[in-house]
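Engineer: Below you'll find model.cif; it's mmCIF, C-alpha atoms.
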data_final
#
loop_
_atom_site.label_atom_id
_atom_site.label_comp_id
_atom_site.auth_asym_id
_atom_site.auth_seq_id
_atom_site.Cartn_x
_atom_site.Cartn_y
_atom_site.Cartn_z
CA MET A 1 -12.50 -5.75 -10.86
CA ILE A 2 -14.36 -2.67 -9.72
CA TYR A 3 -15.57 -2.49 -6.18
CA LYS A 4 -17.02 0.16 -3.92
CA VAL A 5 -15.97 0.76 -0.34
CA ILE A 6 -18.37 2.74 1.82
CA ASP A 7 -16.92 4.21 5.00
CA GLU A 8 -18.91 5.97 7.65
CA GLU A 9 -17.34 9.23 6.57
CA ASP A 10 -16.29 8.86 2.92
CA ASP A 11 -17.73 7.31 -0.20
CA LEU A 12 -14.84 5.83 -2.12
CA VAL A 13 -14.79 3.91 -5.36
CA VAL A 14 -11.66 1.86 -5.97
CA ILE A 15 -10.99 0.71 -9.51
CA SER A 16 -8.62 -2.22 -9.49
CA GLY A 17 -7.77 -5.27 -11.56
CA GLY A 18 -6.11 -7.06 -13.30
CA GLU A 19 -4.89 -3.91 -14.94
CA PRO A 20 -7.88 -1.54 -15.27
CA THR A 21 -6.16 0.77 -17.78
CA LEU A 22 -6.50 -2.02 -20.35
CA SER A 23 -10.29 -1.93 -20.14
CA ARG A 24 -12.33 0.02 -22.69
CA LYS A 25 -14.88 0.64 -19.97
CA LEU A 26 -12.46 2.56 -17.75
CA VAL A 27 -13.42 6.10 -18.77
CA PRO A 28 -17.22 5.45 -18.66
CA VAL A 29 -16.86 3.93 -15.19
CA ILE A 30 -14.82 6.88 -13.95
CA ASN A 31 -17.30 9.36 -15.44
CA TYR A 32 -20.21 7.55 -13.79
CA ALA A 33 -18.52 7.59 -10.39
CA LYS A 34 -17.64 11.27 -10.64
CA LYS A 35 -21.23 12.18 -11.64
CA LYS A 36 -22.34 10.47 -8.43
CA GLY A 37 -19.98 12.72 -6.49
CA LEU A 38 -17.83 9.84 -5.27
CA LEU A 39 -14.13 9.91 -4.50
CA LEU A 40 -12.22 7.72 -6.91
CA GLU A 41 -8.97 5.81 -6.56
CA LEU A 42 -7.44 4.12 -9.58
CA GLN A 43 -5.03 1.27 -8.89
CA SER A 44 -2.58 0.55 -11.69
CA ASN A 45 0.90 -0.69 -12.52
CA GLY A 46 1.43 2.68 -14.19
CA ILE A 47 2.70 1.28 -17.48
CA SER A 48 -0.16 2.56 -19.67
CA PHE A 49 0.51 6.09 -18.44
CA SER A 50 3.87 6.02 -20.23
CA SER A 51 1.71 7.34 -23.08
CA ARG A 52 1.39 11.05 -22.35
CA ARG A 53 -1.84 11.23 -24.35
CA PHE A 54 -3.46 8.42 -22.37
CA ALA A 55 -2.21 9.82 -19.07
CA ARG A 56 -3.78 13.19 -19.87
CA GLU A 57 -7.07 11.57 -20.89
CA ILE A 58 -7.39 9.77 -17.55
CA VAL A 59 -6.14 12.66 -15.42
CA ASP A 60 -8.71 14.92 -17.07
CA THR A 61 -11.54 12.61 -15.93
CA GLY A 62 -10.94 13.81 -12.38
CA VAL A 63 -9.49 10.71 -10.68
CA ASP A 64 -8.76 11.72 -7.09
CA LEU A 65 -5.83 9.38 -6.48
CA PHE A 66 -3.60 7.29 -8.72
CA ASN A 67 -2.35 4.33 -6.69
CA ILE A 68 0.66 2.98 -8.58
CA ASN A 69 2.25 -0.34 -7.71
CA PHE A 70 6.00 0.18 -7.31
CA PRO A 71 7.71 -3.22 -6.81
CA SER A 72 11.28 -1.95 -6.64
CA HIS A 73 13.57 0.96 -7.50
CA LEU A 74 16.08 -1.58 -8.82
CA LYS A 75 15.56 -2.43 -12.48
CA ASN A 76 16.66 -6.06 -12.23
CA LEU A 77 14.64 -6.70 -9.08
CA ASN A 78 11.59 -5.10 -10.68
CA ALA A 79 12.00 -7.51 -13.60
CA GLN A 80 12.32 -10.47 -11.24
CA LEU A 81 9.22 -9.54 -9.28
CA THR A 82 7.02 -8.64 -12.24
CA ARG A 83 8.48 -11.07 -14.80
CA THR A 84 8.32 -8.22 -17.31
CA PRO A 85 11.85 -6.86 -17.94
CA ALA A 86 10.60 -3.92 -20.02
CA SER A 87 8.15 -2.67 -17.40
CA PHE A 88 10.53 -0.63 -15.27
CA LYS A 89 11.22 2.11 -17.81
CA LYS A 90 7.55 2.41 -18.76
CA ARG A 91 6.43 2.47 -15.11
CA MET A 92 8.90 5.25 -14.35
CA LYS A 93 7.71 7.24 -17.39
CA GLY A 94 4.09 6.67 -16.42
CA ILE A 95 4.62 8.06 -12.92
CA GLU A 96 6.55 11.01 -14.35
CA ASN A 97 3.71 11.80 -16.77
CA LEU A 98 1.04 11.67 -14.07
CA LEU A 99 3.01 14.00 -11.81
CA MET A 100 3.73 16.44 -14.63
CA LEU A 101 -0.01 16.57 -15.34
CA GLY A 102 -0.71 17.49 -11.72
CA ALA A 103 -2.17 14.17 -10.59
CA LYS A 104 -2.09 13.03 -6.98
CA VAL A 105 0.04 9.89 -6.99
CA ARG A 106 0.65 7.33 -4.28
CA LEU A 107 3.26 4.62 -4.69
CA THR A 108 2.36 1.29 -3.11
CA HIS A 109 5.42 -0.77 -2.29
CA ILE A 110 4.55 -4.39 -1.57
CA VAL A 111 7.05 -5.63 1.02
CA ASN A 112 8.45 -9.07 0.27
CA THR A 113 11.50 -11.23 0.93
CA LEU A 114 13.33 -9.87 -2.13
CA ASN A 115 12.96 -6.15 -1.49
CA TYR A 116 12.62 -5.52 2.25
CA THR A 117 16.34 -4.93 2.84
CA TYR A 118 16.21 -2.06 0.33
CA LEU A 119 13.27 -0.15 1.82
CA ALA A 120 15.23 2.93 2.90
CA ASP A 121 17.14 3.01 -0.38
CA MET A 122 13.84 2.89 -2.25
CA VAL A 123 12.61 5.94 -0.33
CA ASP A 124 15.76 7.85 -1.20
CA PHE A 125 15.37 6.90 -4.88
CA VAL A 126 11.73 8.01 -4.99
CA LYS A 127 12.53 11.39 -3.47
CA LYS A 128 15.24 12.03 -6.04
CA GLU A 129 13.22 10.84 -9.04
CA PHE A 130 9.75 12.06 -8.04
CA PRO A 131 10.03 15.02 -5.63
CA SER A 132 6.29 15.80 -5.89
CA ILE A 133 5.05 12.30 -5.03
CA SER A 134 2.12 12.47 -2.60
CA TYR A 135 3.10 9.56 -0.40
CA ILE A 136 4.37 6.00 -0.21
CA GLN A 137 2.39 3.12 1.24
CA PHE A 138 4.33 0.13 2.52
CA SER A 139 1.97 -2.82 2.29
CA PHE A 140 2.59 -6.39 3.31
CA ILE A 141 1.48 -9.18 1.02
CA LYS A 142 -2.00 -10.59 0.96
CA ILE A 143 -1.09 -14.26 0.85
CA GLU A 144 -3.24 -15.36 -2.03
CA GLY A 145 -2.72 -16.25 -5.68
CA ASN A 146 0.98 -16.52 -6.57
CA ALA A 147 2.01 -15.46 -3.06
CA LYS A 148 0.17 -18.48 -1.70
CA LYS A 149 1.81 -20.80 -4.22
CA ASN A 150 5.28 -19.32 -3.66
CA THR A 151 5.33 -19.03 0.12
CA TRP A 152 9.02 -18.06 0.18
CA ILE A 153 8.09 -14.57 -1.06
CA ASN A 154 6.30 -13.79 2.24
CA PRO A 155 8.65 -12.42 4.93
CA ARG A 156 8.08 -12.70 8.66
CA TYR A 157 7.19 -9.42 10.36
CA GLU A 158 10.13 -9.64 12.75
CA GLU A 159 12.59 -9.94 9.85
CA VAL A 160 11.31 -6.74 8.28
CA ARG A 161 10.72 -4.68 11.41
CA GLY A 162 14.12 -2.93 11.61
CA PHE A 163 14.30 -2.20 7.89
CA LEU A 164 10.76 -0.83 7.94
CA ILE A 165 11.47 1.58 10.81
CA ARG A 166 14.62 2.71 9.01
CA ALA A 167 12.54 3.44 5.91
CA PHE A 168 10.06 5.45 8.01
CA ARG A 169 12.91 7.55 9.34
CA GLU A 170 14.16 8.07 5.80
CA CYS A 171 10.68 9.23 4.77
CA GLN A 172 10.66 11.75 7.58
CA TYR A 173 14.14 12.95 6.71
CA ARG A 174 13.22 13.27 3.03
CA LYS A 175 9.88 14.87 3.91
CA ILE A 176 7.80 12.19 2.19
CA ASP A 177 4.45 11.28 3.69
CA PHE A 178 3.95 7.55 4.23
CA MET A 179 1.62 4.87 5.50
CA VAL A 180 1.84 1.16 6.31
CA ASP A 181 -0.74 -1.61 6.16
CA HIS A 182 -1.14 -5.33 6.89
CA ILE A 183 1.31 -5.51 9.78
CA PRO A 184 0.28 -5.46 13.48
CA LEU A 185 0.44 -2.04 15.11
CA CYS A 186 2.89 -3.21 17.78
CA TYR A 187 5.61 -3.74 15.16
CA ILE A 188 5.84 -0.03 14.39
CA LYS A 189 5.90 1.54 17.84
CA GLY A 190 6.45 5.27 17.59
CA TYR A 191 4.82 5.35 14.15
CA GLU A 192 1.26 4.37 15.06
CA TYR A 193 -0.25 7.39 13.31
CA TYR A 194 1.13 6.09 10.02
CA HIS A 195 -0.77 2.79 10.21
CA ALA A 196 -3.78 2.55 7.89
CA ASP A 197 -6.07 0.82 10.42
CA PHE A 198 -5.01 3.05 13.31
CA ILE A 199 -5.76 6.19 11.30
CA LYS A 200 -9.27 5.00 10.49
CA LEU A 201 -10.10 3.72 13.96
CA VAL A 202 -8.90 6.92 15.65
CA ARG A 203 -11.23 8.82 13.31
CA GLY A 204 -14.06 6.45 14.21
CA ILE A 205 -14.14 4.85 10.77
CA GLY A 206 -14.21 1.07 10.70
CA SER A 207 -13.03 -1.18 7.88
CA LYS A 208 -15.09 -4.26 7.17
CA TYR A 209 -12.27 -5.64 5.03
CA SER A 210 -9.75 -5.42 7.87
CA ARG A 211 -12.22 -6.98 10.28
CA GLU A 212 -12.72 -9.90 7.91
CA GLU A 213 -9.06 -10.37 7.01
CA LYS A 214 -7.43 -10.02 10.44
CA VAL A 215 -7.71 -11.59 13.88
CA LYS A 216 -6.18 -11.03 17.31
CA LEU A 217 -4.16 -13.58 19.23
CA GLU A 218 -4.77 -14.27 22.92
CA VAL A 219 -1.81 -12.11 23.93
CA CYS A 220 -3.30 -9.18 22.03
CA ARG A 221 -5.98 -8.85 24.71
CA GLU A 222 -3.35 -7.36 27.01
CA CYS A 223 -2.47 -4.61 24.56
CA LYS A 224 -3.21 -1.05 25.61
CA LEU A 225 -3.92 -0.01 22.01
CA GLY A 226 -5.96 -3.08 21.13
CA ARG A 227 -9.00 -1.04 20.14
CA TYR A 228 -6.94 0.64 17.42
CA CYS A 229 -5.63 -2.56 15.82
CA TYR A 230 -7.37 -5.43 14.07
CA GLY A 231 -4.49 -7.80 14.74
CA ILE A 232 -2.72 -10.16 12.36
CA ARG A 233 -3.79 -11.22 8.90
CA LYS A 234 -5.49 -14.62 8.96
CA ASP A 235 -3.54 -15.77 5.91
CA TYR A 236 -0.29 -14.87 7.69
CA ILE A 237 -1.27 -17.02 10.66
CA HIS A 238 -2.23 -19.84 8.32
CA LEU A 239 1.24 -19.72 6.76
CA PHE A 240 3.40 -19.18 9.86
CA GLY A 241 1.21 -20.63 12.62
CA LYS A 242 -0.09 -19.03 15.81
CA ASN A 243 3.30 -18.90 17.51
CA ILE A 244 3.89 -15.38 16.21
CA LYS A 245 5.92 -12.88 18.17
CA VAL A 246 3.99 -9.73 19.03
CA TYR A 247 4.87 -6.74 21.17
CA PRO A 248 1.70 -5.68 23.03
CA TYR A 249 1.63 -2.25 24.61
CA ASN A 250 1.32 -2.49 28.39
CA THR A 251 -0.06 0.26 30.61
CA ASN A 252 3.24 2.14 30.36
CA GLY A 253 3.36 1.94 26.59
CA GLU A 254 6.41 -0.34 26.83
CA GLU A 255 7.10 -3.81 25.48
#
Would it be possible to restate this file's structure as structure tokens?

Structural biologist:
Amino acid sequence: MIYKVIDEEDDLVVISGGEPTLSRKLVPVINYAKKKGLLLELQSNGISFSSRRFAREIVDTGVDLFNINFPSHLKNLNAQLTRTPASFKKRMKGIENLLMLGAKVRLTHIVNTLNYTYLADMVDFVKKEFPSISYIQFSFIKIEGNAKKNTWINPRYEEVRGFLIRAFRECQYRKIDFMVDHIPLCYIKGYEYYHADFIKLVRGIGSKYSREEKVKLEVCRECKLGRYCYGIRKDYIHLFGKNIKVYPYNTNGEE
């Protein structure tokens, strides 16, 4: 799937999938976007870039950001999550090749019930293996497809909260930039400027996708920072119900 996101400030083309690196049309699409002067993000599992030749070919097209899905730093857990035991070694090599070729690489770590207790350890691993990584995005699951069929894979926000904050602190200690998405702003107090929606809204850039995917609960109306948060994902509410614990900011910025 190829889709275009137009912000008030930036024109961004996101190439996603499936796995877009398997398409013969990938290079022509990238070339077309670059001729139009658009920013381009390529989302991939990174495996195809284990070929140095292929990695160089795509890097040379001028992709602005390689967004690589990074399920886990643990080989066995990676195999469990992806159901492809051989993918870990190739993913690691792919990331290494992209970085060696000077590409800007973001790792997207999808937080789930199997990996959330290892978040800080994952950060430490990434810093040691890929010192030049641009940043890590911690992203909660969009509950669709297999995640909707296997509901056990979706953790509750309150279960992850402490581990997530610990991972943020590890990022700061290791001097790795980071971002988080698809969790209400009030769950990451003290780290608001690392929330994807908050960053955009502070800059005056809306996100039609966030507006469509998220909704605020009644209690959210009391929140001091409500204008900088779209609320909770609708699919999360559908799974866990409306009796979801939130931590609205009051006038003193306290819970």

Engineer: Can you tell me which residues surround Arg233 in chain A at a distance of at most 10 Å, considering all atoms listed in the file, apart from same-chain residues fewer than 4 positions away, and format the answer as a PDB file with C-alpha atoms, in the coordinates of the input?

Structural biologist:
ATOM      1  CA  PHE A 140       2.590  -6.390   3.310  1.00  0.00           C
ATOM      2  CA  ILE A 141       1.480  -9.180   1.020  1.00  0.00           C
ATOM      3  CA  LYS A 142      -2.000 -10.590   0.960  1.00  0.00           C
ATOM      4  CA  ILE A 143      -1.090 -14.260   0.850  1.00  0.00           C
ATOM      5  CA  HIS A 182      -1.140  -5.330   6.890  1.00  0.00           C
ATOM      6  CA  ILE A 183       1.310  -5.510   9.780  1.00  0.00           C
ATOM      7  CA  PRO A 184       0.280  -5.460  13.480  1.00  0.00           C
ATOM      8  CA  SER A 210      -9.750  -5.420   7.870  1.00  0.00           C
ATOM      9  CA  ARG A 211     -12.220  -6.980  10.280  1.00  0.00           C
ATOM     10  CA  GLU A 212     -12.720  -9.900   7.910  1.00  0.00           C
ATOM     11  CA  GLU A 213      -9.060 -10.370   7.010  1.00  0.00           C
ATOM     12  CA  LYS A 214      -7.430 -10.020  10.440  1.00  0.00           C
ATOM     13  CA  VAL A 215      -7.710 -11.590  13.880  1.00  0.00           C
ATOM     14  CA  LYS A 216      -6.180 -11.030  17.310  1.00  0.00           C
ATOM     15  CA  ILE A 237      -1.270 -17.020  10.660  1.00  0.00           C
ATOM     16  CA  HIS A 238      -2.230 -19.840   8.320  1.00  0.00           C
TER      17      HIS A 238
END

Engineer: Tell me which residues come within 8 Å of (13.8, -5.0, -2.8), as a PyMOL selection string, counting all atoms listed in the file in the file's coordinates.

Structural biologist: chain A and resi 71-74+77+111-119+122

Engineer: CA of Phe70 in chain A and CA of His109 in chain A are how many Å apart?

Structural biologist: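 Here the two named atoms are 5.1 Å from each other.
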
Engineer: Report as a PDB file with C-alpha atoms, in the frame of the given file all protein, DNA and RNA residues lying within 12 Å of range 87-95 of chain A, evaluated on all atoms listed in the file, omitting residues in the same chain fewer than 4 positions from it.

Structural biologist:
ATOM      1  CA  THR A  21      -6.160   0.770 -17.780  1.00  0.00           C
ATOM      2  CA  SER A  44      -2.580   0.550 -11.690  1.00  0.00           C
ATOM      3  CA  ASN A  45       0.900  -0.690 -12.520  1.00  0.00           C
ATOM      4  CA  GLY A  46       1.430   2.680 -14.190  1.00  0.00           C
ATOM      5  CA  ILE A  47       2.700   1.280 -17.480  1.00  0.00           C
ATOM      6  CA  SER A  48      -0.160   2.560 -19.670  1.00  0.00           C
ATOM      7  CA  PHE A  49       0.510   6.090 -18.440  1.00  0.00           C
ATOM      8  CA  SER A  50       3.870   6.020 -20.230  1.00  0.00           C
ATOM      9  CA  SER A  51       1.710   7.340 -23.080  1.00  0.00           C
ATOM     10  CA  ARG A  52       1.390  11.050 -22.350  1.00  0.00           C
ATOM     11  CA  ARG A  53      -1.840  11.230 -24.350  1.00  0.00           C
ATOM     12  CA  PHE A  54      -3.460   8.420 -22.370  1.00  0.00           C
ATOM     13  CA  ALA A  55      -2.210   9.820 -19.070  1.00  0.00           C
ATOM     14  CA  ARG A  56      -3.780  13.190 -19.870  1.00  0.00           C
ATOM     15  CA  ILE A  58      -7.390   9.770 -17.550  1.00  0.00           C
ATOM     16  CA  VAL A  59      -6.140  12.660 -15.420  1.00  0.00           C
ATOM     17  CA  PHE A  66      -3.600   7.290  -8.720  1.00  0.00           C
ATOM     18  CA  ASN A  67      -2.350   4.330  -6.690  1.00  0.00           C
ATOM     19  CA  ILE A  68       0.660   2.980  -8.580  1.00  0.00           C
ATOM     20  CA  ASN A  69       2.250  -0.340  -7.710  1.00  0.00           C
ATOM     21  CA  PHE A  70       6.000   0.180  -7.310  1.00  0.00           C
ATOM     22  CA  PRO A  71       7.710  -3.220  -6.810  1.00  0.00           C
ATOM     23  CA  SER A  72      11.280  -1.950  -6.640  1.00  0.00           C
ATOM     24  CA  HIS A  73      13.570   0.960  -7.500  1.00  0.00           C
ATOM     25  CA  LEU A  74      16.080  -1.580  -8.820  1.00  0.00           C
ATOM     26  CA  LYS A  75      15.560  -2.430 -12.480  1.00  0.00           C
ATOM     27  CA  ASN A  76      16.660  -6.060 -12.230  1.00  0.00           C
ATOM     28  CA  LEU A  77      14.640  -6.700  -9.080  1.00  0.00           C
ATOM     29  CA  ASN A  78      11.590  -5.100 -10.680  1.00  0.00           C
ATOM     30  CA  ALA A  79      12.000  -7.510 -13.600  1.00  0.00           C
ATOM     31  CA  GLN A  80      12.320 -10.470 -11.240  1.00  0.00           C
ATOM     32  CA  LEU A  81       9.220  -9.540  -9.280  1.00  0.00           C
ATOM     33  CA  THR A  82       7.020  -8.640 -12.240  1.00  0.00           C
ATOM     34  CA  ARG A  83       8.480 -11.070 -14.800  1.00  0.00           C
ATOM     35  CA  LEU A  99       3.010  14.000 -11.810  1.00  0.00           C
ATOM     36  CA  MET A 100       3.730  16.440 -14.630  1.00  0.00           C
ATOM     37  CA  LEU A 101      -0.010  16.570 -15.340  1.00  0.00           C
ATOM     38  CA  GLY A 102      -0.710  17.490 -11.720  1.00  0.00           C
ATOM     39  CA  ALA A 103      -2.170  14.170 -10.590  1.00  0.00           C
ATOM     40  CA  LYS A 104      -2.090  13.030  -6.980  1.00  0.00           C
ATOM     41  CA  VAL A 105       0.040   9.890  -6.990  1.00  0.00           C
ATOM     42  CA  ARG A 106       0.650   7.330  -4.280  1.00  0.00           C
ATOM     43  CA  LEU A 107       3.260   4.620  -4.690  1.00  0.00           C
ATOM     44  CA  PHE A 125      15.370   6.900  -4.880  1.00  0.00           C
ATOM     45  CA  VAL A 126      11.730   8.010  -4.990  1.00  0.00           C
ATOM     46  CA  GLU A 129      13.220  10.840  -9.040  1.00  0.00           C
ATOM     47  CA  PHE A 130       9.750  12.060  -8.040  1.00  0.00           C
ATOM     48  CA  PRO A 131      10.030  15.020  -5.630  1.00  0.00           C
ATOM     49  CA  SER A 132       6.290  15.800  -5.890  1.00  0.00           C
ATOM     50  CA  ILE A 133       5.050  12.300  -5.030  1.00  0.00           C
ATOM     51  CA  SER A 134       2.120  12.470  -2.600  1.00  0.00           C
TER      52      SER A 134
END

Engineer: Under the PyMOL selection byres ((chain A and resi 176-181) around 8), which residues of this model are included? Write them out as a list in words.

Structural biologist: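 Evaluating the PyMOL selection byres ((chain A and resi 176-181) around 8) on this file yields Lys127, Ile133, Ser134, Tyr135, Ile136, Gln137, Phe138, Ser139, Phe140, Phe168, Cys171, Gln172, Tyr173, Arg174, Lys175, His182, Ile183, Tyr194, His195, Ala196 and Asp197 of chain A.
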
Engineer: Have a look at A:Ile188, A:Leu164, A:Val29, A:Val14 and name the one nearest to Thr61 in chain A; count only C-alpha atoms.

Structural biologist: A:Val29

Engineer: Record the distance separating CA of Glu192 in chain A and CA of Val160 in chain A, expressed in Å with one decimal.

Structural biologist: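 Pair CA of Glu192 in chain A / CA of Val160 in chain A returns 16.4 Å.
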
Engineer: Which one is closest to Arg203 in chain A: A:Tyr228, A:Gly145, A:Tyr249, A:Cys223? Count only C-alpha atoms.

Structural biologist: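 The answer is A:Tyr228, which sits nearest to Arg203 in chain A.
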
Engineer: Looking at A:Lys189, A:Lys35, A:Lys224, A:Arg166, which one is nearest to Val63 in chain A, with distances taken over all atoms listed in the file?

Structural biologist: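 So, comparing all the options, the nearest one is A:Lys35.
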
Engineer: Under the rule that only C-alpha atoms are counted, which of A:Leu12, A:Gly226, A:Asp60, A:Lys25 is the nearest residue to Leu40 in chain A?

Structural biologist: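 Checking each candidate against Leu40 in chain A, we get A:Leu12 as the closest.
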
Engineer: Which residue is closest to Asp235 in chain A? Choose from A:Ala147, A:Ile30, A:Ala86, A:Ile15 and count only C-alpha atoms.

Structural biologist: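 Among A:Ala147, A:Ile30, A:Ala86, A:Ile15, it is A:Ala147 that comes nearest to Asp235 in chain A.
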
Engineer: One decimal, Å: what's the distance from CA of Tyr32 in chain A over to CA of Gly17 in chain A, could you say?

Structural biologist: 18.0 Å

Engineer: Would you please work out which residue, of A:Tyr209, A:Ser23, A:Leu38, A:Val246, is nearest to Tyr157 in chain A when using all atoms listed in the file?

Structural biologist: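 Among A:Tyr209, A:Ser23, A:Leu38, A:Val246, it is A:Val246 that comes nearest to Tyr157 in chain A.
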